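Participant: Provided below: protein.pdb, containing PDB, C-alpha atoms, pLDDT in the B column.
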MODEL        1
ATOM      1  CA  MET A   1     -60.498  54.290 113.543  1.00 62.00           C
ATOM      2  CA  PRO A   2     -60.331  53.780 117.324  1.00 78.00           C
ATOM      3  CA  GLN A   3     -62.040  50.368 117.388  1.00 84.00           C
ATOM      4  CA  SER A   4     -60.505  47.183 115.968  1.00 85.00           C
ATOM      5  CA  LEU A   5     -62.928  44.610 114.585  1.00 83.00           C
ATOM      6  CA  ALA A   6     -62.345  41.289 112.907  1.00 84.00           C
ATOM      7  CA  GLN A   7     -64.404  38.350 111.723  1.00 88.00           C
ATOM      8  CA  LEU A   8     -62.146  35.598 110.446  1.00 95.00           C
ATOM      9  CA  TRP A   9     -63.401  32.039 110.128  1.00 98.00           C
ATOM     10  CA  VAL A  10     -60.875  29.221 109.933  1.00 98.00           C
ATOM     11  CA  HIS A  11     -61.331  25.484 109.363  1.00 98.00           C
ATOM     12  CA  ILE A  12     -58.482  23.791 111.267  1.00 98.00           C
ATOM     13  CA  VAL A  13     -57.556  20.132 110.806  1.00 97.00           C
ATOM     14  CA  PHE A  14     -54.984  18.016 112.625  1.00 96.00           C
ATOM     15  CA  SER A  15     -54.509  14.378 113.488  1.00 95.00           C
ATOM     16  CA  THR A  16     -53.156  12.232 116.235  1.00 96.00           C
ATOM     17  CA  LYS A  17     -49.464  11.349 116.047  1.00 95.00           C
ATOM     18  CA  ASP A  18     -49.011   8.624 113.411  1.00 92.00           C
ATOM     19  CA  ARG A  19     -52.803   8.778 113.008  1.00 92.00           C
ATOM     20  CA  LEU A  20     -53.258   6.352 115.871  1.00 95.00           C
ATOM     21  CA  PRO A  21     -56.987   5.703 116.496  1.00 96.00           C
ATOM     22  CA  PHE A  22     -57.180   7.225 119.980  1.00 97.00           C
ATOM     23  CA  PHE A  23     -60.804   8.238 119.353  1.00 96.00           C
ATOM     24  CA  LYS A  24     -62.276   4.811 118.588  1.00 95.00           C
ATOM     25  CA  ASP A  25     -64.351   5.057 121.738  1.00 94.00           C
ATOM     26  CA  GLU A  26     -67.259   7.391 120.984  1.00 93.00           C
ATOM     27  CA  SER A  27     -67.521   8.581 124.571  1.00 95.00           C
ATOM     28  CA  PHE A  28     -63.878   9.621 124.715  1.00 96.00           C
ATOM     29  CA  ARG A  29     -64.162  11.184 121.251  1.00 96.00           C
ATOM     30  CA  SER A  30     -67.142  13.291 122.426  1.00 96.00           C
ATOM     31  CA  GLN A  31     -65.250  14.336 125.533  1.00 97.00           C
ATOM     32  CA  MET A  32     -62.268  15.352 123.391  1.00 98.00           C
ATOM     33  CA  PHE A  33     -64.518  17.444 121.155  1.00 97.00           C
ATOM     34  CA  ARG A  34     -65.871  19.238 124.233  1.00 97.00           C
ATOM     35  CA  MET A  35     -62.340  19.822 125.531  1.00 98.00           C
ATOM     36  CA  LEU A  36     -61.203  21.172 122.160  1.00 98.00           C
ATOM     37  CA  SER A  37     -64.163  23.563 122.115  1.00 98.00           C
ATOM     38  CA  HIS A  38     -63.462  24.623 125.694  1.00 98.00           C
ATOM     39  CA  HIS A  39     -59.830  25.464 124.945  1.00 98.00           C
ATOM     40  CA  VAL A  40     -60.753  27.352 121.776  1.00 98.00           C
ATOM     41  CA  LYS A  41     -63.030  29.500 123.948  1.00 97.00           C
ATOM     42  CA  GLU A  42     -60.314  29.826 126.623  1.00 97.00           C
ATOM     43  CA  SER A  43     -58.154  31.301 123.850  1.00 96.00           C
ATOM     44  CA  LYS A  44     -60.826  33.999 123.345  1.00 95.00           C
ATOM     45  CA  CYS A  45     -61.948  32.549 120.004  1.00 97.00           C
ATOM     46  CA  THR A  46     -65.373  31.313 118.899  1.00 95.00           C
ATOM     47  CA  SER A  47     -65.822  27.558 118.711  1.00 94.00           C
ATOM     48  CA  ALA A  48     -68.501  27.123 116.061  1.00 94.00           C
ATOM     49  CA  SER A  49     -68.020  23.419 115.420  1.00 96.00           C
ATOM     50  CA  VAL A  50     -65.763  20.558 116.477  1.00 97.00           C
ATOM     51  CA  GLY A  51     -65.812  17.094 114.975  1.00 96.00           C
ATOM     52  CA  GLY A  52     -63.620  14.410 113.580  1.00 96.00           C
ATOM     53  CA  PHE A  53     -63.091  10.709 113.447  1.00 95.00           C
ATOM     54  CA  ILE A  54     -60.947   8.065 115.147  1.00 95.00           C
ATOM     55  CA  ASP A  55     -57.608   9.687 114.292  1.00 96.00           C
ATOM     56  CA  HIS A  56     -58.176  13.384 113.545  1.00 96.00           C
ATOM     57  CA  VAL A  57     -60.219  16.475 114.341  1.00 97.00           C
ATOM     58  CA  HIS A  58     -61.771  19.418 112.535  1.00 97.00           C
ATOM     59  CA  LEU A  59     -62.509  22.757 114.160  1.00 98.00           C
ATOM     60  CA  LEU A  60     -64.463  25.671 112.735  1.00 98.00           C
ATOM     61  CA  VAL A  61     -63.165  28.661 114.645  1.00 98.00           C
ATOM     62  CA  GLY A  62     -63.943  32.347 114.677  1.00 97.00           C
ATOM     63  CA  LEU A  63     -60.431  33.645 115.214  1.00 97.00           C
ATOM     64  CA  SER A  64     -59.965  36.409 117.774  1.00 94.00           C
ATOM     65  CA  ARG A  65     -58.112  39.459 116.512  1.00 92.00           C
ATOM     66  CA  THR A  66     -55.583  39.069 119.348  1.00 92.00           C
ATOM     67  CA  ILE A  67     -54.229  35.586 118.604  1.00 95.00           C
ATOM     68  CA  THR A  68     -52.533  33.933 115.654  1.00 97.00           C
ATOM     69  CA  ILE A  69     -53.653  30.623 114.197  1.00 97.00           C
ATOM     70  CA  ALA A  70     -50.349  29.080 115.306  1.00 98.00           C
ATOM     71  CA  GLN A  71     -50.845  30.279 118.902  1.00 98.00           C
ATOM     72  CA  LEU A  72     -54.412  28.988 118.964  1.00 98.00           C
ATOM     73  CA  VAL A  73     -53.466  25.555 117.640  1.00 98.00           C
ATOM     74  CA  GLU A  74     -50.522  25.290 120.033  1.00 98.00           C
ATOM     75  CA  ASN A  75     -52.713  26.219 123.023  1.00 97.00           C
ATOM     76  CA  VAL A  76     -55.476  23.823 122.058  1.00 98.00           C
ATOM     77  CA  LYS A  77     -53.140  20.918 121.298  1.00 98.00           C
ATOM     78  CA  THR A  78     -51.089  21.391 124.458  1.00 98.00           C
ATOM     79  CA  GLU A  79     -54.055  21.570 126.813  1.00 98.00           C
ATOM     80  CA  THR A  80     -56.055  18.738 125.228  1.00 98.00           C
ATOM     81  CA  SER A  81     -52.987  16.515 125.056  1.00 98.00           C
ATOM     82  CA  LYS A  82     -52.397  16.966 128.794  1.00 98.00           C
ATOM     83  CA  TRP A  83     -56.040  16.174 129.451  1.00 98.00           C
ATOM     84  CA  ALA A  84     -56.106  13.079 127.156  1.00 98.00           C
ATOM     85  CA  LYS A  85     -53.177  11.496 129.007  1.00 97.00           C
ATOM     86  CA  ILE A  86     -55.101  11.415 132.318  1.00 96.00           C
ATOM     87  CA  ALA A  87     -58.791  11.365 131.310  1.00 95.00           C
ATOM     88  CA  ASP A  88     -61.060   8.358 131.660  1.00 92.00           C
ATOM     89  CA  GLY A  89     -60.789   6.522 128.351  1.00 92.00           C
ATOM     90  CA  GLY A  90     -57.621   8.426 127.482  1.00 93.00           C
ATOM     91  CA  ASP A  91     -54.122   7.084 126.993  1.00 95.00           C
ATOM     92  CA  SER A  92     -50.843   8.133 128.627  1.00 96.00           C
ATOM     93  CA  ALA A  93     -49.196   7.814 125.186  1.00 97.00           C
ATOM     94  CA  PHE A  94     -51.559  10.332 123.559  1.00 97.00           C
ATOM     95  CA  LYS A  95     -49.957  12.870 121.194  1.00 97.00           C
ATOM     96  CA  TRP A  96     -51.084  15.136 118.391  1.00 97.00           C
ATOM     97  CA  GLN A  97     -49.150  15.319 115.132  1.00 94.00           C
ATOM     98  CA  ALA A  98     -46.767  18.271 114.864  1.00 92.00           C
ATOM     99  CA  GLY A  99     -48.499  20.062 112.000  1.00 92.00           C
ATOM    100  CA  TYR A 100     -51.980  21.241 111.083  1.00 95.00           C
ATOM    101  CA  GLY A 101     -53.989  22.582 108.188  1.00 95.00           C
ATOM    102  CA  ALA A 102     -55.810  25.903 108.406  1.00 97.00           C
ATOM    103  CA  PHE A 103     -58.221  26.937 105.688  1.00 97.00           C
ATOM    104  CA  SER A 104     -60.086  30.228 105.368  1.00 96.00           C
ATOM    105  CA  VAL A 105     -63.872  30.061 105.358  1.00 97.00           C
ATOM    106  CA  SER A 106     -66.212  32.705 104.019  1.00 96.00           C
ATOM    107  CA  HIS A 107     -68.825  33.794 106.551  1.00 94.00           C
ATOM    108  CA  SER A 108     -71.513  32.785 104.042  1.00 96.00           C
ATOM    109  CA  LEU A 109     -70.185  29.195 104.027  1.00 96.00           C
ATOM    110  CA  THR A 110     -69.829  28.568 107.769  1.00 97.00           C
ATOM    111  CA  ASP A 111     -73.075  26.532 107.893  1.00 97.00           C
ATOM    112  CA  LYS A 112     -71.821  24.285 105.096  1.00 97.00           C
ATOM    113  CA  VAL A 113     -68.450  23.740 106.805  1.00 97.00           C
ATOM    114  CA  ASP A 114     -70.216  23.108 110.127  1.00 97.00           C
ATOM    115  CA  GLN A 115     -72.329  20.380 108.497  1.00 96.00           C
ATOM    116  CA  TYR A 116     -69.218  18.872 106.900  1.00 95.00           C
ATOM    117  CA  ILE A 117     -67.462  18.752 110.288  1.00 96.00           C
ATOM    118  CA  ARG A 118     -70.486  17.236 112.047  1.00 93.00           C
ATOM    119  CA  SER A 119     -70.804  14.443 109.457  1.00 92.00           C
ATOM    120  CA  GLN A 120     -67.252  13.128 109.738  1.00 91.00           C
ATOM    121  CA  ALA A 121     -68.223   9.580 110.746  1.00 87.00           C
ATOM    122  CA  GLU A 122     -70.382   9.141 107.630  1.00 89.00           C
ATOM    123  CA  HIS A 123     -67.798  10.901 105.501  1.00 84.00           C
ATOM    124  CA  HIS A 124     -65.001   8.553 106.560  1.00 88.00           C
ATOM    125  CA  ALA A 125     -66.992   5.457 105.726  1.00 86.00           C
ATOM    126  CA  LYS A 126     -66.002   6.318 102.138  1.00 88.00           C
ATOM    127  CA  LEU A 127     -62.811   8.362 102.350  1.00 89.00           C
ATOM    128  CA  SER A 128     -59.533   8.075 104.280  1.00 89.00           C
ATOM    129  CA  PHE A 129     -58.106  10.967 106.275  1.00 89.00           C
ATOM    130  CA  LYS A 130     -55.184  11.255 103.844  1.00 90.00           C
ATOM    131  CA  ASP A 131     -57.503  11.528 100.835  1.00 91.00           C
ATOM    132  CA  GLU A 132     -59.722  13.999 102.684  1.00 93.00           C
ATOM    133  CA  TYR A 133     -56.730  16.169 103.605  1.00 91.00           C
ATOM    134  CA  ARG A 134     -55.390  16.035 100.036  1.00 92.00           C
ATOM    135  CA  ARG A 135     -58.780  17.224  98.751  1.00 92.00           C
ATOM    136  CA  LEU A 136     -58.960  20.080 101.261  1.00 93.00           C
ATOM    137  CA  CYS A 137     -55.480  21.266 100.313  1.00 92.00           C
ATOM    138  CA  LYS A 138     -56.218  21.023  96.590  1.00 93.00           C
ATOM    139  CA  LYS A 139     -59.521  22.886  97.023  1.00 93.00           C
ATOM    140  CA  HIS A 140     -57.645  25.720  98.761  1.00 93.00           C
ATOM    141  CA  GLY A 141     -54.776  25.814  96.264  1.00 93.00           C
ATOM    142  CA  LEU A 142     -52.184  24.349  98.649  1.00 91.00           C
ATOM    143  CA  GLU A 143     -49.523  21.979  97.424  1.00 91.00           C
ATOM    144  CA  ILE A 144     -48.385  19.438  99.969  1.00 88.00           C
ATOM    145  CA  ASP A 145     -45.140  17.513 100.142  1.00 87.00           C
ATOM    146  CA  GLU A 146     -46.158  13.933 100.912  1.00 83.00           C
ATOM    147  CA  ARG A 147     -42.744  13.264 102.448  1.00 84.00           C
ATOM    148  CA  TYR A 148     -43.470  15.642 105.319  1.00 81.00           C
ATOM    149  CA  VAL A 149     -47.207  16.148 105.684  1.00 81.00           C
ATOM    150  CA  TRP A 150     -47.940  12.775 107.299  1.00 74.00           C
ATOM    151  CA  ASP A 151     -45.290  12.779 110.031  1.00 65.00           C
TER     152      ASP A 151
ENDMDL
END
Represent the structure of the file as structure tokens.
Facilitator:
Amino acid sequence: MPQSLAQLWVHIVFSTKDRLPFFKDESFRSQMFRMLSHHVKESKCTSASVGGFIDHVHLLVGLSRTITIAQLVENVKTETSKWAKIADGGDSAFKWQAGYGAFSVSHSLTDKVDQYIRSQAEHHAKLSFKDEYRRLCKKHGLEIDERYVWD
């Protein structure tokens, strides 16, 4: 087969270092979401949805066949971290946590995941980031080591 095709949807989640609430300001949070989407696209991937709350983000990404999840996350974190340190409303101490979660998404469920990502503010009125992340991992059959996952 001479042509290579791929359609892989991934729900990616990561937080700020020590879950500091760098995104309390809604304007800065919106700007960060736009920057995250921009750098996903710069990595030749599809940015279907970006959302989050005061201390973490969710991305629904159509992964390009030419990049790994690790490369994508590294690119996006590096570029948005640089931007957040100098942006209006940003903070020179801004950092992302070292790790991330990446969860496969069936094409037929992308609308549902998109809605979940876009309703983060309402969602976190009832549930902490840690509990949300635990649920996502459990739903996808991933065991987490609490000693390391929050650093």
Participant: Would you kindly return, as an mmCIF file with C-alpha atoms, in the frame of the given file, each protein, DNA or RNA residue with an atom no farther than 9 Å from any atom of Leu8 in chain A, considering only C-alpha atoms and excluding same-chain residues fewer than 3 positions away?
Facilitator:
data_model
loop_
_atom_site.group_PDB
_atom_site.id
_atom_site.type_symbol
_atom_site.label_atom_id
_atom_site.label_comp_id
_atom_site.auth_asym_id
_atom_site.auth_seq_id
_atom_site.Cartn_x
_atom_site.Cartn_y
_atom_site.Cartn_z
ATOM 1 C CA VAL A 61 -63.165 28.661 114.645
ATOM 2 C CA GLY A 62 -63.943 32.347 114.677
ATOM 3 C CA LEU A 63 -60.431 33.645 115.214
ATOM 4 C CA SER A 64 -59.965 36.409 117.774
ATOM 5 C CA ARG A 65 -58.112 39.459 116.512
ATOM 6 C CA SER A 104 -60.086 30.228 105.368
ATOM 7 C CA VAL A 105 -63.872 30.061 105.358
ATOM 8 C CA SER A 106 -66.212 32.705 104.019
ATOM 9 C CA HIS A 107 -68.825 33.794 106.551
#
Participant: Could you please determine the separation between CA of Asp111 in chain A and CA of Ser47 in chain A in Å, to one decimal place?
Facilitator: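 Spanning CA of Asp111 in chain A to CA of Ser47 in chain A is a straight-line distance of 13.1 Å.
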Participant: Go through A:Leu5, A:Leu20, A:Val10, A:Met32 and flag the residue nearest Asp88 in chain A, using all atoms listed in the file for the distances.
Facilitator: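 Using all atoms listed in the file, Asp88 in chain A sits closest to A:Met32.
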Participant: For the file shown, report as a compact mmCIF listing (two decimals) with C-alpha atoms, in the coordinates of the input the outcome of the PyMOL selection byres ((chain A and resi 102) around 7) at residue level.
Facilitator:
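Result went into result10.txt, see below:
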# COMPACT_ATOMS: atom_id res chain seq x y z
CA VAL A 10 -60.88 29.22 109.93
CA HIS A 11 -61.33 25.48 109.36
CA ILE A 12 -58.48 23.79 111.27
CA VAL A 13 -57.56 20.13 110.81
CA TYR A 100 -51.98 21.24 111.08
CA GLY A 101 -53.99 22.58 108.19
CA PHE A 103 -58.22 26.94 105.69
CA SER A 104 -60.09 30.23 105.37
Participant: Determine the nearest neighbour of Gly51 in chain A from the options A:Ser108, A:Ser119, A:Gly90, A:Lys82, counting all atoms listed in the file.
Facilitator: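 Among the listed residues, the smallest separation from Gly51 in chain A belongs to A:Ser119.
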Participant: Once the PyMOL selection byres ((chain A and resi 81) around 10) is applied to the coordinates I shared, what remains selected? I want it as number ranges by chain.
Facilitator: A: 16, 32, 35-36, 75-80, 82-87, 90-96
Participant: So how far away is CA of His124 in chain A from CA of Asp145 in chain A, in Å?
Facilitator: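 Distance between the two atoms: 22.7 Å.
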Participant: Out of A:Arg118, A:Ser49, A:Gly89, A:Ala125, which residue has the shortest atom-to-atom distance to Phe22 in chain A when counting all atoms listed in the file?
Facilitator: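 Between A:Arg118, A:Ser49, A:Gly89, A:Ala125, the residue approaching Phe22 in chain A most closely is A:Gly89.
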Participant: What does the distance between CA of Ser27 in chain A and CA of His39 in chain A come to in Å, to one decimal place?
Facilitator: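 Separation between CA of Ser27 in chain A and CA of His39 in chain A: 18.6 Å.
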Participant: Calculated over all atoms listed in the file, which of the candidates A:Arg19, A:Gly99, A:His56, A:Gln71 has the smallest distance to Lys44 in chain A?
Facilitator: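 Nearest to Lys44 in chain A: A:Gln71.
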Participant: For Ile54 in chain A, find every residue with an atom within 6 Å (counting only C-alpha atoms), except residues of its own chain fewer than 3 positions away, and show them as a short mmCIF file (atom, residue, chain, number, x, y, z; two decimals) with C-alpha atoms, in the frame of the given file.
Facilitator:
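Contents of part_32.cif, as written:
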data_model
loop_
_atom_site.label_atom_id
_atom_site.label_comp_id
_atom_site.auth_asym_id
_atom_site.auth_seq_id
_atom_site.Cartn_x
_atom_site.Cartn_y
_atom_site.Cartn_z
CA PRO A 21 -56.99 5.70 116.50
CA PHE A 23 -60.80 8.24 119.35
CA LYS A 24 -62.28 4.81 118.59
#
Participant: Rank nothing, just name the residue among A:Gln115, A:Trp150, A:Gln97, A:Phe28 nearest to Asp131 in chain A, using only C-alpha atoms.
Facilitator: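 Ranked by minimum distance to Asp131 in chain A, first place goes to A:Trp150.
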Participant: May I ask which of the residues A:Ala6, A:Val149, A:Cys45, A:Leu136 is the closest one to Ile69 in chain A, counting all atoms listed in the file?
Facilitator: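 Counting all atoms listed in the file, the residue closest to Ile69 in chain A is A:Cys45.
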Participant: Could you rebuild range 93-118 of chain A with N, CA and C atoms and give me the result as a compact mmCIF listing (two decimals), in the coordinates of the input?
Facilitator:
# COMPACT_ATOMS: atom_id res chain seq x y z
N ALA A 93 -50.06 7.64 126.36
CA ALA A 93 -49.20 7.81 125.19
C ALA A 93 -49.77 8.80 124.18
N PHE A 94 -50.89 9.44 124.51
CA PHE A 94 -51.56 10.33 123.56
C PHE A 94 -50.65 11.47 123.10
N LYS A 95 -50.66 11.72 121.79
CA LYS A 95 -49.96 12.87 121.19
C LYS A 95 -50.69 13.30 119.94
N TRP A 96 -50.62 14.59 119.67
CA TRP A 96 -51.08 15.14 118.39
C TRP A 96 -49.91 15.15 117.42
N GLN A 97 -50.20 15.13 116.12
CA GLN A 97 -49.15 15.32 115.13
C GLN A 97 -48.60 16.73 115.28
N ALA A 98 -47.41 16.96 114.73
CA ALA A 98 -46.77 18.27 114.86
C ALA A 98 -47.48 19.35 114.06
N GLY A 99 -47.95 19.04 112.89
CA GLY A 99 -48.50 20.06 112.00
C GLY A 99 -50.01 20.19 112.07
N TYR A 100 -50.54 21.02 111.19
CA TYR A 100 -51.98 21.24 111.08
C TYR A 100 -52.28 21.88 109.74
N GLY A 101 -53.52 21.84 109.35
CA GLY A 101 -53.99 22.58 108.19
C GLY A 101 -54.97 23.64 108.65
N ALA A 102 -54.88 24.82 108.09
CA ALA A 102 -55.81 25.90 108.41
C ALA A 102 -56.31 26.50 107.10
N PHE A 103 -57.61 26.53 106.94
CA PHE A 103 -58.22 26.94 105.69
C PHE A 103 -59.23 28.04 105.95
N SER A 104 -59.16 29.12 105.19
CA SER A 104 -60.09 30.23 105.37
C SER A 104 -61.49 29.81 104.94
N VAL A 105 -62.47 30.37 105.64
CA VAL A 105 -63.87 30.06 105.36
C VAL A 105 -64.64 31.37 105.25
N SER A 106 -65.36 31.54 104.17
CA SER A 106 -66.21 32.70 104.02
C SER A 106 -67.36 32.63 105.03
N HIS A 107 -67.72 33.76 105.60
CA HIS A 107 -68.82 33.79 106.55
C HIS A 107 -70.08 33.14 105.97
N SER A 108 -70.31 33.34 104.68
CA SER A 108 -71.51 32.78 104.04
C SER A 108 -71.47 31.26 103.92
N LEU A 109 -70.31 30.65 104.15
CA LEU A 109 -70.18 29.20 104.03
C LEU A 109 -69.98 28.49 105.37
N THR A 110 -70.09 29.21 106.47
CA THR A 110 -69.83 28.57 107.77
C THR A 110 -70.83 27.45 108.06
N ASP A 111 -72.10 27.60 107.67
CA ASP A 111 -73.08 26.53 107.89
C ASP A 111 -72.70 25.26 107.13
N LYS A 112 -72.22 25.44 105.92
CA LYS A 112 -71.82 24.28 105.10
C LYS A 112 -70.61 23.58 105.72
N VAL A 113 -69.64 24.33 106.18
CA VAL A 113 -68.45 23.74 106.80
C VAL A 113 -68.84 23.08 108.13
N ASP A 114 -69.73 23.70 108.88
CA ASP A 114 -70.22 23.11 110.13
C ASP A 114 -70.85 21.75 109.85
N GLN A 115 -71.68 21.65 108.85
CA GLN A 115 -72.33 20.38 108.50
C GLN A 115 -71.29 19.35 108.08
N TYR A 116 -70.30 19.76 107.32
CA TYR A 116 -69.22 18.87 106.90
C TYR A 116 -68.48 18.31 108.13
N ILE A 117 -68.18 19.17 109.08
CA ILE A 117 -67.46 18.75 110.29
C ILE A 117 -68.32 17.80 111.13
N ARG A 118 -69.60 18.07 111.23
CA ARG A 118 -70.49 17.24 112.05
C ARG A 118 -70.79 15.88 111.41
